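Trainee: Next up is a structure, given as structure tokens.
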Number of protein chains: 2
Amino acid sequence: MITKPRGFIAAGMHAGIKRSGKPDMALIVSEVPATTAAVFTSNQYKAAPILISQGQIKSGKCRAIISNSGNANCGTGKRGLIDAQHMVLETARALKIDPKQVLVTSTGSIGKFLPMNKIIPGIRALSKKLSKAGGRMAAKAILTTDTRAKEIAVRVGGYTVAGIAKGSGMIHPNMATMHAFITTDAKLDRGLLQKLLKQAVDKSFNMITVDQCQSTNDCVFALANGKSKVKIQKSKVLGFQKALEKVCIYLAKEIARDGEGATQMIEVKVTGARNEKEARIAARAIAGNDLLKCAIYGRDYNLGRILAAVGATSAKIDPSKIKADIKFGRNLSLVSCNLGIGRSEAVAWGCDLTEGYVRINAKYHT
Amino acid sequence: MITKPRGFIAAGMHAGIKRSGKPDMALIVSEVPATTAAVFTSNQYKAAPILISQGQIKSGKCRAIISNSGNANCGTGKRGLIDAQHMVLETARALKIDPKQVLVTSTGSIGKFLPMNKIIPGIRALSKKLSKAGGRMAAKAILTTDTRAKEIAVRVGGYTVAGIAKGSGMIHPNMATMHAFITTDAKLDRGLLQKLLKQAVDKSFNMITVDQCQSTNDCVFALANGKSKVKIQKSKVLGFQKALEKVCIYLAKEIARDGEGATQMIEVKVTGARNEKEARIAARAIAGNDLLKCAIYGRDYNLGRILAAVGATSAKIDPSKIKADIKFGRNLSLVSCNLGIGRSEAVAWGCDLTEGYVRINAKYHT
């Protein structure tokens, strides 16, 4: 669906990075330079492709995203930076575009060098496979322990906003989550796109948690190529903002739902907070509380765990006024908590904590 | 061992709160009023006995601690406060002492009223069972999902410092952990005892985590009854401080080792931090990281998870200088991380994350 907006093509393939034989490289290309906005992980220990893409994004106009899964190219020092830069140059060469227009991302295990002998031929092969139909394969090729692809396209008057994402483990974004790519054929100023992307990310990817572990490779990119000829300004901003938020929230929820080992998603709504910041802190703390996540897995109506989780945060509560509830569903449980002292609210998403999460991460060997 | 210091007696028994038939009420008594220091949970959502004991401690001199397990008397509103106060009054009556000299604690499920019809007869029965030999039963009676009692006594020149504790789940203290009681027959000023207790707690209970979930009922009490006639001042302060720290660190490590579902303890040593505060933040973040806890359970030498965990904190790192290592042992794994930018260090303790933790907390029903 990432190729639904006009002027975007993509490809995905198995280049040989993953031993499983699953797709592990993706390339997304805009036919023309697109206004680009990005949000990166705030983790101080950033992966090499994040550092390279932070430099690339300065051009403000990009045409391609090259991404691999199965290896995060993180903790790889100078060689990691050279490898990420090499991916950028090879992509530019294959596409015959300016290297400044290429973004690069990696996801997978930390601490191993990229198998460049597989990645370079992979980039060349991908550049020949690019098509409208390739969007689906690209969505698959960015996954790691995810159990399914996460993609969406929203059609608004005359233009489309689409996105793909990967998540699963090490999910506790604080600025952006691990790999979400958004395309649109709307035309936007860079400043406006960046502002709207940041707002949408704060309401979506920054409000999910699987395991309170923040990744080194998180990034969200938005490319607006203007091919629809619909210029987003004045009265059109609200419609675009809504579509962008819809895409981001859908993808964020899909990541929470597909958390490692999860049997269900948990939606947490906090109301009655003193201000929005505290509502967000409280909602994230509840969604991330291991004891509550286990209780929901076991279908235990355990309100004490909600109250204890909120009480431990910096969000102000009044113990005599706070109220909580849990509504269990088949694939989705709803947790509500009214702090009882103000009018601000926030929604966060997480998932239950199961033996499956432990198994995946105990068996996972680097 | 809590009765090792002169002038302390104790008792424990099954009063009928726990359906399992295990001991669920403990009483610890000093023959004479003891200088008392305490550290309480910083959770805003505090249990009723915590609120009552915070008032009681103001007298500075206590003689008794009455404690029940199986029910935390938390989230129980006004009735909870009346019940906790009732426990204090009934204990004072049974022991024929001033009610101001009684501390009260509870641990167990949140959100249910105490079965006072079992607790009041329990207090009366306990008061008749008090003895030197009762310390062991008291150590058992404060446990919940713990698999074993946690007790220690340290003999220093002429006096003794002893302690018991309970832990297991909802362990991420921030001021004090769930129930540690310390006795000594040394003689101390209240201000000195409080200062030394706070220091020891910061190095011990405040440096452990089982699940990053902070309890509503955490408290550490220290009672010094002076029965040894050894006055702690001047040259003796250091010896007492060391003994107190030894008791607190032993109990804290016992809590980490006996974390719900844990197969091994994890000791984390952070060095090279800019200052002690950041060393502590980094050590706790590593010890509490779910992904690393799973990796250690699965014996995966996964240094990336250590680096990602530290990078996500406010502790300053230099990605090019940070170094980490894991040494696996049978019951204890050692994690080290040198942030490479300063000289401060800290040690934290945690445990691995296993299917057992999920099972205990999914099956646990309120």
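Starting from 1 in every chain, residues are counted up; chains themselves are A, B, ... following the order of the structure tokens, and ligands are numbered from 1 as listed.
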Just asking: which residues within stretch 133-174 of chain A are strand (DSSP E or B) according to DSSP, as a list in words?

Mentor: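 Matching residues for strand (DSSP E or B) in stretch 133-174 of chain A are Lys150, Glu151, Ile152, Ala153, Val154, Arg155, Val156, Tyr159, Thr160, Val161, Ala162, Gly163, Ile164 and Ala165 of chain A.
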
Trainee: Save the residues we just selected, all heavy atoms, as an mmCIF file, in the first residue's frame?

Mentor:
```cif
data_model
loop_
_atom_site.group_PDB
_atom_site.id
_atom_site.type_symbol
_atom_site.label_atom_id
_atom_site.label_comp_id
_atom_site.auth_asym_id
_atom_site.auth_seq_id
_atom_site.Cartn_x
_atom_site.Cartn_y
_atom_site.Cartn_z
ATOM 1 N N LYS A 150 2.418 -4.716 8.119
ATOM 2 C CA LYS A 150 1.588 -3.628 8.648
ATOM 3 C C LYS A 150 1.548 -2.542 7.595
ATOM 4 O O LYS A 150 2.535 -1.860 7.363
ATOM 5 C CB LYS A 150 2.221 -3.100 9.936
ATOM 6 C CG LYS A 150 2.230 -4.137 11.055
ATOM 7 C CD LYS A 150 3.280 -3.879 12.089
ATOM 8 C CE LYS A 150 3.287 -4.988 13.125
ATOM 9 N NZ LYS A 150 3.723 -6.291 12.580
ATOM 10 N N GLU A 151 0.389 -2.359 6.938
ATOM 11 C CA GLU A 151 0.315 -1.357 5.877
ATOM 12 C C GLU A 151 -1.063 -0.737 5.809
ATOM 13 O O GLU A 151 -2.046 -1.357 6.193
ATOM 14 C CB GLU A 151 0.731 -1.963 4.524
ATOM 15 C CG GLU A 151 0.222 -3.347 4.244
ATOM 16 C CD GLU A 151 0.696 -3.901 2.888
ATOM 17 O OE1 GLU A 151 1.344 -3.161 2.126
ATOM 18 O OE2 GLU A 151 0.382 -5.057 2.597
ATOM 19 N N ILE A 152 -1.126 0.476 5.326
ATOM 20 C CA ILE A 152 -2.396 1.193 5.235
ATOM 21 C C ILE A 152 -2.275 2.289 4.174
ATOM 22 O O ILE A 152 -1.182 2.809 3.925
ATOM 23 C CB ILE A 152 -2.780 1.831 6.599
ATOM 24 C CG1 ILE A 152 -4.133 2.546 6.518
ATOM 25 C CG2 ILE A 152 -1.684 2.774 7.097
ATOM 26 C CD1 ILE A 152 -4.642 3.131 7.829
ATOM 27 N N ALA A 153 -3.396 2.596 3.535
ATOM 28 C CA ALA A 153 -3.450 3.754 2.635
ATOM 29 C C ALA A 153 -4.772 4.462 2.882
ATOM 30 O O ALA A 153 -5.810 3.815 3.038
ATOM 31 C CB ALA A 153 -3.343 3.313 1.179
ATOM 32 N N VAL A 154 -4.721 5.778 2.966
ATOM 33 C CA VAL A 154 -5.928 6.570 3.206
ATOM 34 C C VAL A 154 -6.073 7.554 2.048
ATOM 35 O O VAL A 154 -5.157 8.322 1.742
ATOM 36 C CB VAL A 154 -5.819 7.349 4.539
ATOM 37 C CG1 VAL A 154 -7.022 8.256 4.729
ATOM 38 C CG2 VAL A 154 -5.677 6.385 5.714
ATOM 39 N N ARG A 155 -7.228 7.484 1.415
ATOM 40 C CA ARG A 155 -7.490 8.366 0.275
ATOM 41 C C ARG A 155 -8.282 9.572 0.770
ATOM 42 O O ARG A 155 -9.306 9.421 1.421
ATOM 43 C CB ARG A 155 -8.280 7.570 -0.769
ATOM 44 C CG ARG A 155 -8.727 8.342 -1.965
ATOM 45 C CD ARG A 155 -7.879 8.019 -3.193
ATOM 46 N NE ARG A 155 -8.255 8.907 -4.297
ATOM 47 C CZ ARG A 155 -7.374 9.563 -5.024
ATOM 48 N NH1 ARG A 155 -6.070 9.437 -4.812
ATOM 49 N NH2 ARG A 155 -7.783 10.352 -6.001
ATOM 50 N N VAL A 156 -7.754 10.775 0.509
ATOM 51 C CA VAL A 156 -8.477 11.990 0.880
ATOM 52 C C VAL A 156 -8.791 12.674 -0.460
ATOM 53 O O VAL A 156 -8.363 12.203 -1.510
ATOM 54 C CB VAL A 156 -7.591 12.884 1.789
ATOM 55 C CG1 VAL A 156 -8.429 13.927 2.534
ATOM 56 C CG2 VAL A 156 -6.821 12.045 2.796
ATOM 57 N N TYR A 159 -5.817 13.178 -3.109
ATOM 58 C CA TYR A 159 -4.482 12.642 -2.809
ATOM 59 C C TYR A 159 -4.588 11.472 -1.836
ATOM 60 O O TYR A 159 -5.666 11.177 -1.309
ATOM 61 C CB TYR A 159 -3.550 13.725 -2.244
ATOM 62 C CG TYR A 159 -3.977 14.267 -0.896
ATOM 63 C CD1 TYR A 159 -3.457 13.731 0.282
ATOM 64 C CD2 TYR A 159 -4.904 15.308 -0.791
ATOM 65 C CE1 TYR A 159 -3.854 14.214 1.518
ATOM 66 C CE2 TYR A 159 -5.301 15.795 0.441
ATOM 67 C CZ TYR A 159 -4.774 15.242 1.596
ATOM 68 O OH TYR A 159 -5.168 15.708 2.811
ATOM 69 N N THR A 160 -3.457 10.798 -1.622
ATOM 70 C CA THR A 160 -3.422 9.592 -0.787
ATOM 71 C C THR A 160 -2.270 9.689 0.214
ATOM 72 O O THR A 160 -1.208 10.217 -0.118
ATOM 73 C CB THR A 160 -3.218 8.349 -1.684
ATOM 74 O OG1 THR A 160 -4.266 8.327 -2.664
ATOM 75 C CG2 THR A 160 -3.256 7.056 -0.874
ATOM 76 N N VAL A 161 -2.485 9.180 1.416
ATOM 77 C CA VAL A 161 -1.412 9.050 2.406
ATOM 78 C C VAL A 161 -1.315 7.568 2.736
ATOM 79 O O VAL A 161 -2.318 6.935 3.064
ATOM 80 C CB VAL A 161 -1.705 9.839 3.700
ATOM 81 C CG1 VAL A 161 -0.534 9.714 4.688
ATOM 82 C CG2 VAL A 161 -1.992 11.303 3.392
ATOM 83 N N ALA A 162 -0.117 7.004 2.628
ATOM 84 C CA ALA A 162 0.046 5.575 2.878
ATOM 85 C C ALA A 162 1.234 5.335 3.792
ATOM 86 O O ALA A 162 2.098 6.212 3.959
ATOM 87 C CB ALA A 162 0.249 4.832 1.565
ATOM 88 N N GLY A 163 1.300 4.146 4.380
ATOM 89 C CA GLY A 163 2.427 3.856 5.256
ATOM 90 C C GLY A 163 2.629 2.371 5.482
ATOM 91 O O GLY A 163 1.700 1.568 5.345
ATOM 92 N N ILE A 164 3.859 2.002 5.810
ATOM 93 C CA ILE A 164 4.162 0.649 6.264
ATOM 94 C C ILE A 164 5.019 0.779 7.527
ATOM 95 O O ILE A 164 5.638 1.818 7.764
ATOM 96 C CB ILE A 164 4.923 -0.203 5.213
ATOM 97 C CG1 ILE A 164 6.275 0.445 4.832
ATOM 98 C CG2 ILE A 164 4.063 -0.444 3.987
ATOM 99 C CD1 ILE A 164 7.133 -0.426 3.920
ATOM 100 N N ALA A 165 5.022 -0.270 8.339
ATOM 101 C CA ALA A 165 5.789 -0.223 9.584
ATOM 102 C C ALA A 165 6.223 -1.608 9.988
ATOM 103 O O ALA A 165 5.679 -2.613 9.520
ATOM 104 C CB ALA A 165 4.965 0.408 10.700
#
```

Trainee: How close does each residue of chain B get to chain A, giving the shortest atom pair and distance in Å to one decimal for every residue with an atom at most 6 Å away, counting only C-alpha atoms, sorted by chain and residue number, as CSV?

Mentor:
```
residue,atom,partner,partner_atom,distance
B:Asn43,CA,A:Ala312,CA,4.6
B:Gln44,CA,A:Gly311,CA,4.5
B:Tyr45,CA,A:Gly311,CA,4.7
B:Ile110,CA,A:Gly304,CA,5.1
B:Gly111,CA,A:Gly304,CA,5.9
B:Cys294,CA,A:Ala362,CA,4.7
B:Ala295,CA,A:Ala362,CA,4.8
B:Tyr297,CA,A:Ala362,CA,5.8
B:Gly298,CA,A:Ala362,CA,4.0
B:Asp300,CA,A:His365,CA,5.5
B:Gly304,CA,A:Ile110,CA,5.1
B:Gly311,CA,A:Gln44,CA,4.5
B:Ala312,CA,A:Asn43,CA,4.6
B:Pro319,CA,A:Tyr45,CA,5.7
B:Thr354,CA,A:Val358,CA,5.8
B:Glu355,CA,A:Glu355,CA,4.5
B:Val358,CA,A:Cys294,CA,5.8
B:Asn361,CA,A:Cys294,CA,5.4
B:Ala362,CA,A:Gly298,CA,4.0
B:Lys363,CA,A:Gly298,CA,5.7
B:His365,CA,A:Asp300,CA,5.5
```

Trainee: Could you find all residues in stretch 89-210 of chain A that DSSP calls alpha helix (DSSP H) from the backbone, and write them as a VMD selection string?

Mentor: chain A and resid 89 to 95 116 to 129 135 to 141 190 to 203

Trainee: Between atom CA of A:Gln101 and atom CA of A:Lys61, what distance in Å does the model show, to one decimal?

Mentor: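 Atom CA of A:Lys61 lies 6.2 Å from atom CA of A:Gln101.
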
Trainee: May I ask which of the residues A:Lys227, A:Lys166, A:His14, A:Arg330 is the closest one to A:Ile266, counting only C-alpha atoms?

Mentor: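 Smallest distance to A:Ile266 is found for A:Arg330.
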
Trainee: Identify which of the residues B:Gly135, B:Arg284, B:Glu267, B:Lys253 lies closest to B:Asp325, counting only C-alpha atoms when measuring atom-to-atom distances.

Mentor: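 Closest to B:Asp325 of all the choices is B:Glu267.
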
Trainee: Hey, which of B:Ala125, B:Ile82, B:Ile66, B:Ala34 ends up closest to B:Ser106? Count only C-alpha atoms.

Mentor: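 Smallest separation from B:Ser106 among the options: B:Ile66.
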